[in-house]
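Quick look at target36.txt (compact mmCIF, C-alpha atoms and all ligand atoms):
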# COMPACT_ATOMS: atom_id res chain seq x y z
CA MET A 78 0.00 0.00 0.00
CA LEU A 79 2.84 2.35 0.80
CA SER A 80 4.32 1.91 -2.64
CA ASP A 81 0.98 2.81 -4.19
CA ARG A 82 1.10 6.12 -2.40
CA LYS A 83 4.61 6.88 -3.54
CA SER A 84 3.88 6.09 -7.14
CA ASP A 85 0.76 8.25 -7.18
CA MET A 86 1.41 11.52 -5.42
CA SER A 87 -1.92 12.94 -6.54
CA GLU A 88 -3.65 10.66 -4.04
CA PRO A 89 -4.07 12.17 -0.58
CA HIS A 90 -2.06 10.46 2.10
CA ILE A 91 -4.76 10.91 4.73
CA ARG A 92 -8.45 11.23 4.06
CA MET A 93 -10.86 12.21 6.82
CA ASN A 94 -14.46 11.43 6.12
CA ASP A 95 -17.31 12.86 8.23
CA LEU A 96 -15.24 12.76 11.38
CA ASN A 97 -17.09 13.62 14.58
CA VAL A 98 -15.64 13.76 18.08
CA TRP A 99 -17.42 14.14 21.39
CA TYR A 100 -15.99 14.80 24.82
CA GLY A 101 -18.84 13.44 26.93
CA SER A 102 -21.92 15.09 25.48
CA TYR A 103 -19.92 17.97 24.00
CA HIS A 104 -19.79 17.62 20.20
CA ILE A 105 -16.35 19.06 19.67
CA LEU A 106 -15.50 18.20 16.05
CA ARG A 107 -18.37 18.25 13.58
CA HIS A 108 -18.50 16.50 10.24
CA ILE A 109 -14.87 17.06 9.29
CA THR A 110 -14.12 15.92 5.76
CA ALA A 111 -10.65 16.78 4.47
CA ASP A 112 -7.67 15.41 2.60
CA ILE A 113 -4.07 15.71 3.66
CA PRO A 114 -1.80 15.46 0.63
CA ALA A 115 1.23 13.20 0.59
CA GLN A 116 4.40 15.05 1.51
CA GLY A 117 4.53 18.75 2.17
CA ILE A 118 3.32 20.48 5.29
CA THR A 119 -0.35 20.78 6.10
CA ALA A 120 -1.11 23.42 8.71
CA ILE A 121 -4.22 23.17 10.85
CA ILE A 122 -5.05 26.71 11.90
CA GLY A 123 -7.76 28.40 13.91
CA PRO A 124 -8.27 30.16 17.23
CA SER A 125 -7.62 28.54 20.57
CA GLY A 126 -10.29 25.98 21.49
CA CYS A 127 -11.50 25.40 17.92
CA GLY A 128 -10.45 21.72 17.98
CA LYS A 129 -7.00 21.68 16.37
CA THR A 130 -5.37 19.41 18.93
CA THR A 131 -8.39 17.14 18.96
CA LEU A 132 -8.25 16.79 15.19
CA LEU A 133 -4.51 16.12 15.26
CA LYS A 134 -4.84 13.48 17.98
CA SER A 135 -7.59 11.74 16.04
CA ILE A 136 -5.09 11.02 13.25
CA ASN A 137 -3.04 8.56 15.30
CA ARG A 138 -5.79 7.48 17.70
CA LEU A 139 -4.37 9.38 20.65
CA LEU A 140 -7.96 10.28 21.59
CA ASP A 141 -8.40 6.62 22.57
CA GLU A 142 -6.29 7.43 25.61
CA MET A 143 -8.76 10.01 26.86
CA GLU A 144 -11.67 8.93 29.03
CA GLY A 145 -15.10 9.98 27.80
CA THR A 146 -14.08 10.63 24.20
CA ARG A 147 -16.11 9.22 21.33
CA VAL A 148 -15.07 9.22 17.66
CA GLN A 149 -17.31 8.61 14.68
CA GLY A 150 -16.36 8.61 11.01
CA GLN A 151 -13.32 7.39 9.14
CA ILE A 152 -9.73 8.36 8.72
CA TRP A 153 -8.10 6.63 5.79
CA LEU A 154 -4.35 6.22 5.88
CA ASP A 155 -2.87 4.63 2.77
CA GLY A 156 -6.19 2.95 2.12
CA MET A 157 -6.72 1.68 5.69
CA ASN A 158 -9.43 3.13 7.93
CA ILE A 159 -7.57 3.51 11.21
CA TYR A 160 -10.87 3.34 13.12
CA ASP A 161 -11.83 -0.06 11.72
CA ASN A 162 -12.29 -2.83 14.25
CA GLY A 163 -9.18 -4.92 14.55
CA VAL A 164 -6.74 -2.21 13.50
CA ASP A 165 -3.48 -2.48 15.42
CA VAL A 166 -3.25 0.87 17.24
CA THR A 167 0.46 0.40 17.93
CA GLU A 168 1.07 0.04 14.21
CA VAL A 169 -0.94 3.19 13.54
CA ARG A 170 1.18 5.11 16.05
CA THR A 171 4.37 3.75 14.53
CA ARG A 172 3.32 4.98 11.12
CA VAL A 173 1.98 8.26 12.46
CA GLY A 174 4.33 9.99 14.92
CA PHE A 175 3.40 12.78 17.32
CA LEU A 176 5.40 15.76 18.57
CA ALA A 177 3.84 17.48 21.59
CA PRO A 178 3.99 21.23 22.33
CA LYS A 179 6.16 20.86 25.42
CA PRO A 180 9.29 18.76 24.98
CA SER A 181 9.18 15.77 27.30
CA PRO A 182 12.32 13.69 26.83
CA LEU A 183 12.41 10.38 28.63
CA PRO A 184 14.46 10.43 31.87
CA MET A 185 17.48 8.79 30.27
CA SER A 186 20.47 9.66 28.13
CA ILE A 187 20.32 11.51 24.82
CA TYR A 188 21.33 8.29 23.06
CA ASP A 189 18.72 6.17 24.80
CA ASN A 190 15.95 8.64 24.02
CA VAL A 191 16.51 8.14 20.31
CA ALA A 192 17.25 4.41 20.60
CA TYR A 193 14.14 3.76 22.69
CA GLY A 194 11.67 3.20 19.85
CA PRO A 195 14.05 1.29 17.54
CA ARG A 196 15.00 -1.03 20.44
CA ILE A 197 11.35 -1.94 20.92
CA HIS A 198 10.83 -2.48 17.21
CA GLN A 199 14.17 -4.13 16.59
CA HIS A 200 14.14 -7.36 14.67
CA ASP A 201 16.53 -10.26 15.10
CA HIS A 202 20.20 -9.66 14.64
CA ASN A 203 23.00 -12.17 14.44
CA SER A 204 25.12 -10.78 17.17
CA ARG A 205 24.97 -8.18 19.84
CA GLY A 206 27.80 -6.31 18.11
CA SER A 207 25.93 -5.67 14.89
CA LYS A 208 22.86 -4.69 16.87
CA ASN A 209 24.76 -1.98 18.71
CA GLN A 210 26.36 -0.70 15.53
CA ASP A 211 22.96 -0.51 13.92
CA LEU A 212 21.63 1.46 16.86
CA ASP A 213 24.60 3.83 16.77
CA ARG A 214 23.85 4.50 13.13
CA ILE A 215 20.13 4.96 13.76
CA VAL A 216 20.80 7.37 16.62
CA GLU A 217 23.21 9.45 14.55
CA LEU A 218 20.94 9.49 11.52
CA ASN A 219 17.94 10.71 13.46
CA LEU A 220 19.85 13.26 15.51
CA ARG A 221 21.12 14.62 12.19
CA ALA A 222 17.61 14.66 10.76
CA ALA A 223 16.50 16.65 13.79
CA GLY A 224 19.42 19.07 13.41
CA LEU A 225 20.87 18.17 16.81
CA TRP A 226 23.82 15.89 16.03
CA GLU A 227 26.60 18.51 16.00
CA GLU A 228 25.50 19.88 19.36
CA VAL A 229 25.34 16.55 21.19
CA LYS A 230 27.66 14.11 19.42
CA ASP A 231 30.28 14.38 22.18
CA ARG A 232 27.87 13.81 25.05
CA LEU A 233 25.43 11.19 23.84
CA ARG A 234 25.52 9.41 27.19
CA SER A 235 24.63 12.44 29.25
CA SER A 236 21.12 13.00 30.48
CA ALA A 237 18.58 14.50 28.10
CA SER A 238 17.36 16.74 30.90
CA GLN A 239 20.61 18.74 30.67
CA LEU A 240 19.69 20.01 27.23
CA SER A 241 18.04 23.38 26.66
CA THR A 242 14.32 23.39 25.95
CA GLY A 243 14.96 23.96 22.25
CA GLN A 244 17.43 21.08 22.12
CA GLN A 245 14.99 18.88 24.02
CA GLN A 246 12.31 19.57 21.42
CA ARG A 247 14.73 18.57 18.63
CA LEU A 248 15.58 15.46 20.64
CA CYS A 249 11.87 14.63 20.83
CA LEU A 250 11.75 15.15 17.08
CA ALA A 251 14.66 12.71 16.65
CA ARG A 252 12.89 10.23 18.93
CA ALA A 253 9.69 10.49 16.92
CA LEU A 254 11.59 10.05 13.63
CA ALA A 255 13.56 7.05 14.86
CA VAL A 256 10.68 4.61 14.33
CA LYS A 257 10.38 5.84 10.73
CA PRO A 258 6.85 7.23 10.69
CA ASP A 259 5.64 8.31 7.28
CA VAL A 260 3.38 10.89 8.86
CA LEU A 261 4.50 13.28 11.58
CA LEU A 262 1.92 15.20 13.60
CA CYS A 263 3.20 18.32 15.38
CA ASP A 264 1.04 20.13 17.91
CA GLU A 265 2.19 23.75 18.31
CA PRO A 266 5.76 22.39 18.13
CA THR A 267 7.42 25.74 18.86
CA SER A 268 5.03 27.25 21.39
CA ALA A 269 7.34 26.51 24.33
CA LEU A 270 10.46 27.76 22.53
CA ASP A 271 12.31 31.03 22.11
CA PRO A 272 12.40 32.47 18.57
CA ILE A 273 15.82 31.04 17.67
CA ALA A 274 14.93 27.55 18.90
CA ALA A 275 11.59 27.85 17.11
CA GLN A 276 13.35 28.72 13.87
CA LYS A 277 15.46 25.58 14.13
CA ILE A 278 12.41 23.36 14.51
CA GLU A 279 10.72 25.07 11.57
CA ALA A 280 13.83 24.58 9.44
CA GLN A 281 14.03 20.88 10.29
CA LEU A 282 10.36 20.31 9.54
CA ARG A 283 10.74 22.04 6.19
CA GLU A 284 13.61 19.71 5.42
CA LEU A 285 11.73 16.63 6.60
CA LYS A 286 8.64 17.35 4.52
CA LYS A 287 10.49 16.19 1.42
CA GLU A 288 10.33 12.64 2.69
CA ARG A 289 7.15 12.47 4.69
CA THR A 290 3.78 13.97 5.33
CA ILE A 291 3.85 16.59 8.06
CA VAL A 292 0.86 18.08 9.81
CA VAL A 293 1.48 21.12 12.00
CA VAL A 294 -1.08 22.63 14.33
CA THR A 295 -0.46 26.30 14.96
CA HIS A 296 -2.40 29.28 16.18
CA MET A 297 0.36 31.51 14.84
CA LEU A 298 -0.67 32.71 11.43
CA ARG A 299 2.77 33.90 10.56
CA GLN A 300 4.17 30.46 11.24
CA ALA A 301 1.52 28.92 9.02
CA ARG A 302 2.38 31.38 6.25
CA ARG A 303 6.07 30.49 6.54
CA MET A 304 5.60 26.77 6.61
CA ALA A 305 2.39 25.54 5.07
CA ASP A 306 1.87 24.02 1.65
CA HIS A 307 -1.74 23.20 2.51
CA VAL A 308 -4.05 24.66 5.11
CA ILE A 309 -7.07 23.44 7.05
CA PHE A 310 -8.97 26.24 8.80
CA LEU A 311 -11.12 25.20 11.76
CA TRP A 312 -13.63 27.39 13.48
CA MET A 313 -15.60 26.21 16.51
CA GLY A 314 -15.21 22.55 15.70
CA GLU A 315 -16.07 22.88 12.03
CA LEU A 316 -13.92 22.88 8.95
CA VAL A 317 -14.50 26.20 7.24
CA GLU A 318 -12.04 25.88 4.39
CA ALA A 319 -9.13 23.72 3.28
CA GLY A 320 -6.78 23.94 0.31
CA PRO A 321 -3.39 25.00 -1.02
CA ALA A 322 -1.74 27.59 1.24
CA MET A 323 -1.05 30.06 -1.56
CA GLN A 324 -4.66 30.17 -2.58
CA MET A 325 -6.01 30.22 0.96
CA PHE A 326 -3.79 33.06 2.12
CA ALA A 327 -4.19 35.12 -1.05
CA LYS A 328 -7.83 34.55 -1.80
CA PRO A 329 -9.84 32.66 0.81
CA ARG A 330 -13.25 31.50 -0.33
CA ASP A 331 -15.04 31.88 2.98
CA GLY A 332 -15.72 35.18 4.72
CA ARG A 333 -14.76 33.68 8.09
CA THR A 334 -11.34 32.68 6.76
CA GLN A 335 -10.82 36.20 5.45
CA ALA A 336 -11.88 37.68 8.77
CA TYR A 337 -9.54 35.36 10.65
CA LEU A 338 -6.62 36.13 8.34
CA ASP A 339 -7.33 39.85 8.72
CA GLY A 340 -7.32 39.51 12.51
CA ASP A 341 -10.96 40.54 12.79
CA ILE A 342 -11.99 37.32 14.55
CA GLY A 343 -10.23 34.76 16.75
N1 LIG B 401 -10.27 16.21 27.68
C1 LIG B 401 -11.22 17.10 27.40
N2 LIG B 401 -12.44 17.04 27.96
C2 LIG B 401 -13.40 17.93 27.68
N3 LIG B 401 -13.25 18.95 26.82
C3 LIG B 401 -12.06 19.08 26.23
C4 LIG B 401 -10.97 18.18 26.48
N4 LIG B 401 -9.91 18.58 25.74
C5 LIG B 401 -10.30 19.66 25.05
N5 LIG B 401 -11.60 19.98 25.35
C6 LIG B 401 -12.37 21.08 24.76
O1 LIG B 401 -12.52 20.82 23.38
C7 LIG B 401 -12.38 22.02 22.65
C8 LIG B 401 -11.28 21.86 21.61
O2 LIG B 401 -10.05 21.68 22.27
P1 LIG B 401 -8.70 21.53 21.48
O3 LIG B 401 -8.81 20.47 20.47
O4 LIG B 401 -7.65 21.39 22.51
O5 LIG B 401 -8.59 22.95 20.75
P2 LIG B 401 -7.33 23.74 20.20
O6 LIG B 401 -6.18 22.80 20.10
O7 LIG B 401 -7.76 24.31 18.89
O8 LIG B 401 -7.05 24.85 21.20
C9 LIG B 401 -12.14 23.12 23.64
O9 LIG B 401 -13.36 23.76 23.89
C10 LIG B 401 -11.64 22.39 24.85
O10 LIG B 401 -11.99 23.10 26.01
MG MG B 402 -4.31 22.81 21.02
Turn this file's structure into structure tokens for me.
Ligand SMILES: Nc1ncnc2c1ncn2[C@@H]1O[C@H](COP(=O)(O)OP(=O)(O)O)[C@@H](O)[C@H]1O
Ligand SMILES: [Mg+2]
Amino acid sequence: MLSDRKSDMSEPHIRMNDLNVWYGSYHILRHITADIPAQGITAIIGPSGCGKTTLLKSINRLLDEMEGTRVQGQIWLDGMNIYDNGVDVTEVRTRVGFLAPKPSPLPMSIYDNVAYGPRIHQHDHNSRGSKNQDLDRIVELNLRAAGLWEEVKDRLRSSASQLSTGQQQRLCLARALAVKPDVLLCDEPTSALDPIAAQKIEAQLRELKKERTIVVVTHMLRQARRMADHVIFLWMGELVEAGPAMQMFAKPRDGRTQAYLDGDIG
């Protein structure tokens, strides 16, 4: 199925069909139907409380973890409805990674943070030696992909908690990448960071979008303008408008989108 996607880039990578989410009796996402194209960055924008995080978490079934949440509708990922009975949720979360707003490295070394996922997923190896070499390579590769390698290569065994917040977020990015997700969900990935650290995360995500589908939730319009290839605009739990970023920012179709972009609402 994956190869189908790569050979036909006109097909959306993720397709949400009439998605509804309730927290208890509160109908928080209403009839969301949208496509997320393969590769590139899709930004989910809208004012605080409009349902961005909820929508993002629905894409790798993180809402399952929350008591009192009910989901209805389908989310198709490479032709599989992730809400079908019998779907392996662990597999979904391996294929769809998640980067949280506040960096939360595991209480272990820099190296072990990145090696954590691959160790769990690791297949048989002939000898312990080759296994460790593989891990070394995986750790380096993913720290490079997160733009952190040069800063930490000489202290891989020191605790992740000694890193700055910005470095910790890039470490969490490396950790998420290490299990080779083909979709990466990022929830306000720079909201806890200073502008320089934020810039670094943005730069890495722009680089990473060449190889995978990236979805970024942001309430910062300027960030969306800098990063997005596609945009989904949510307003009070409903999808108002979705489409290519250039078109949406230049000539939105809906009056509410225009008002939001102009700063008149939200
Ligand atoms: N666990 C929860 N239980 C009940 N209501 C929630 C929960 N999480 C979020 N909400 C509510 O759902 C709405 C959407 O939240 P959220 O998806 O976090 O929005 P956003 O990320 O756009 O700020 C908000 O009104 C919020 O208060
Ligand atoms: Mg949120």
### Message
Residues proximal to (-5.6, 16.1, 11.2) were defined as those with any atom within 8 Å of that point in the file's coordinates, counting all atoms listed in the file. Which are they, as a list of chain:residue names?
### Response
A:Met93, A:Ile113, A:Ile121, A:Lys129, A:Leu132, A:Leu133, A:Lys134, A:Ser135, A:Ile136, A:Leu262, A:Val292
#### Entry: Within-12 Å residues of ligand MG 402 (chain B), basis all atoms listed in the file, as a list in words
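Final answer, ordered by chain and number: Ile121, Ile122, Gly123, Pro124, Ser125, Gly126, Cys127, Gly128, Lys129, Thr130, Thr131, Leu132, Leu133, Lys134, Ala177, Pro178, Lys179, Cys263, Asp264, Glu265, Pro266, Ser268, Val293, Val294, Thr295, His296, Met297 and Leu311 of chain A.
A straight line drawn from atom CA of Pro89 of chain A to atom CA of Leu316 of chain A is 17.4 Å long.
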### Message
Considering only C-alpha atoms and all ligand atoms, can you say which of A:Tyr188, A:Gln281, A:Thr110, A:Phe310 comes closest to ligand LIG 401 (chain B)?
### Response
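Ranked by minimum distance to ligand LIG 401 (chain B), first place goes to A:Phe310.
As for atom O3 of ligand LIG 401 (chain B) and atom CA of Gly243 of chain A, they are spaced 24.1 Å apart.
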### Atomic distance atom CA of Arg247 of chain A - atom CA of Gly194 of chain A, expressed in Å with one decimal
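It comes out at 15.7 Å.
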### Task
List the neighbours of segment 197-199 of chain A out to 10 Å using only C-alpha atoms; skip same-chain residues closer than 2 positions along the sequence, and give me the result as an MDAnalysis selection string.
chainID A and resid 171 192:195 201:202 208 211:212 256
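Distances to Gln239 of chain A were evaluated for A:Met185, A:Leu338, A:Ala319, A:Ile159 using only C-alpha atoms, and the minimum falls at A:Met185.
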### Task
Excluding Arg283 of chain A and residues on its chain fewer than 4 positions from it, collect all residues at most 10 Å away from it, counting all atoms listed in the file, and give them as a ChimeraX atom specification.
/A:117-118,277-279,287,291,303-305
### Task
Write out as a ChimeraX atom specification the residues lying within 8 Å of Asn94 of chain A, counting all atoms listed in the file and excluding same-chain residues fewer than 4 positions away.
/A:108-111,150-153
Selected residues, C-alpha atoms, written as an mmCIF file, in the coordinates of the input, please.
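Output file part.cif follows:
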data_model
loop_
_atom_site.group_PDB
_atom_site.id
_atom_site.type_symbol
_atom_site.label_atom_id
_atom_site.label_comp_id
_atom_site.auth_asym_id
_atom_site.auth_seq_id
_atom_site.Cartn_x
_atom_site.Cartn_y
_atom_site.Cartn_z
ATOM 1 C CA HIS A 108 -18.500 16.500 10.240
ATOM 2 C CA ILE A 109 -14.870 17.060 9.290
ATOM 3 C CA THR A 110 -14.120 15.920 5.760
ATOM 4 C CA ALA A 111 -10.650 16.780 4.470
ATOM 5 C CA GLY A 150 -16.360 8.610 11.010
ATOM 6 C CA GLN A 151 -13.320 7.390 9.140
ATOM 7 C CA ILE A 152 -9.730 8.360 8.720
ATOM 8 C CA TRP A 153 -8.100 6.630 5.790
#
### Message
The residues within 12 Å of (-11.6, 4.4, 19.5), using only C-alpha atoms and the coordinates of the file, should be reported as a ChimeraX atom specification; which are they?
### Response
/A:97-99,134-152,158-166
### Task
Pick out the residues sitting within 7 Å of Ile187 of chain A, and hand them over as an MDAnalysis selection string; count only C-alpha atoms, and ignore anything fewer than 4 positions along from it in its own chain.
chainID A and resid 191 233:237
### Task
Between A:Gly314, A:Pro184, A:Gly224, A:Gly340, single out the one closest to ligand LIG 401 (chain B), counting only C-alpha atoms and all ligand atoms.
A:Gly314
How big is the axis-aligned box around the listed atoms of ligand LIG 401 (chain B) once 8 Å is added on each side, and where is its centre? Give both in Å to one decimal, as JSON.
{"center_x": -9.8, "center_y": 20.5, "center_z": 23.4, "size_x": 23.2, "size_y": 24.6, "size_z": 25.1}
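Here the question is which of A:Glu318, A:Met313, A:Ala120, A:Thr290 gets nearest to Tyr103 of chain A using all atoms listed in the file, and that residue is A:Met313.
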### Exercise: Pro182 of chain A partners within 9 Å, all atoms listed in the file, chain neighbours under 4 positions left out, as a list of chain:residue names
A:Ile187, A:Asn190, A:Ala237, A:Ser238, A:Gln245, A:Gln246, A:Leu248, A:Cys249, A:Arg252
#### Entry: Given only C-alpha atoms and all ligand atoms as the counted atoms, nearest of A:Leu285, A:Leu220, A:Ala251, A:Ile309 to ligand LIG 401 (chain B)
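Of the candidates, the smallest distance to ligand LIG 401 (chain B) is held by A:Ile309.
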### Nearest to Phe175 of chain A, chosen from A:Asp259, A:Asp231, A:Asp213, A:Asp112, with all atoms listed in the file counted in the distances
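For Phe175 of chain A, the nearest of the given residues is A:Asp259.
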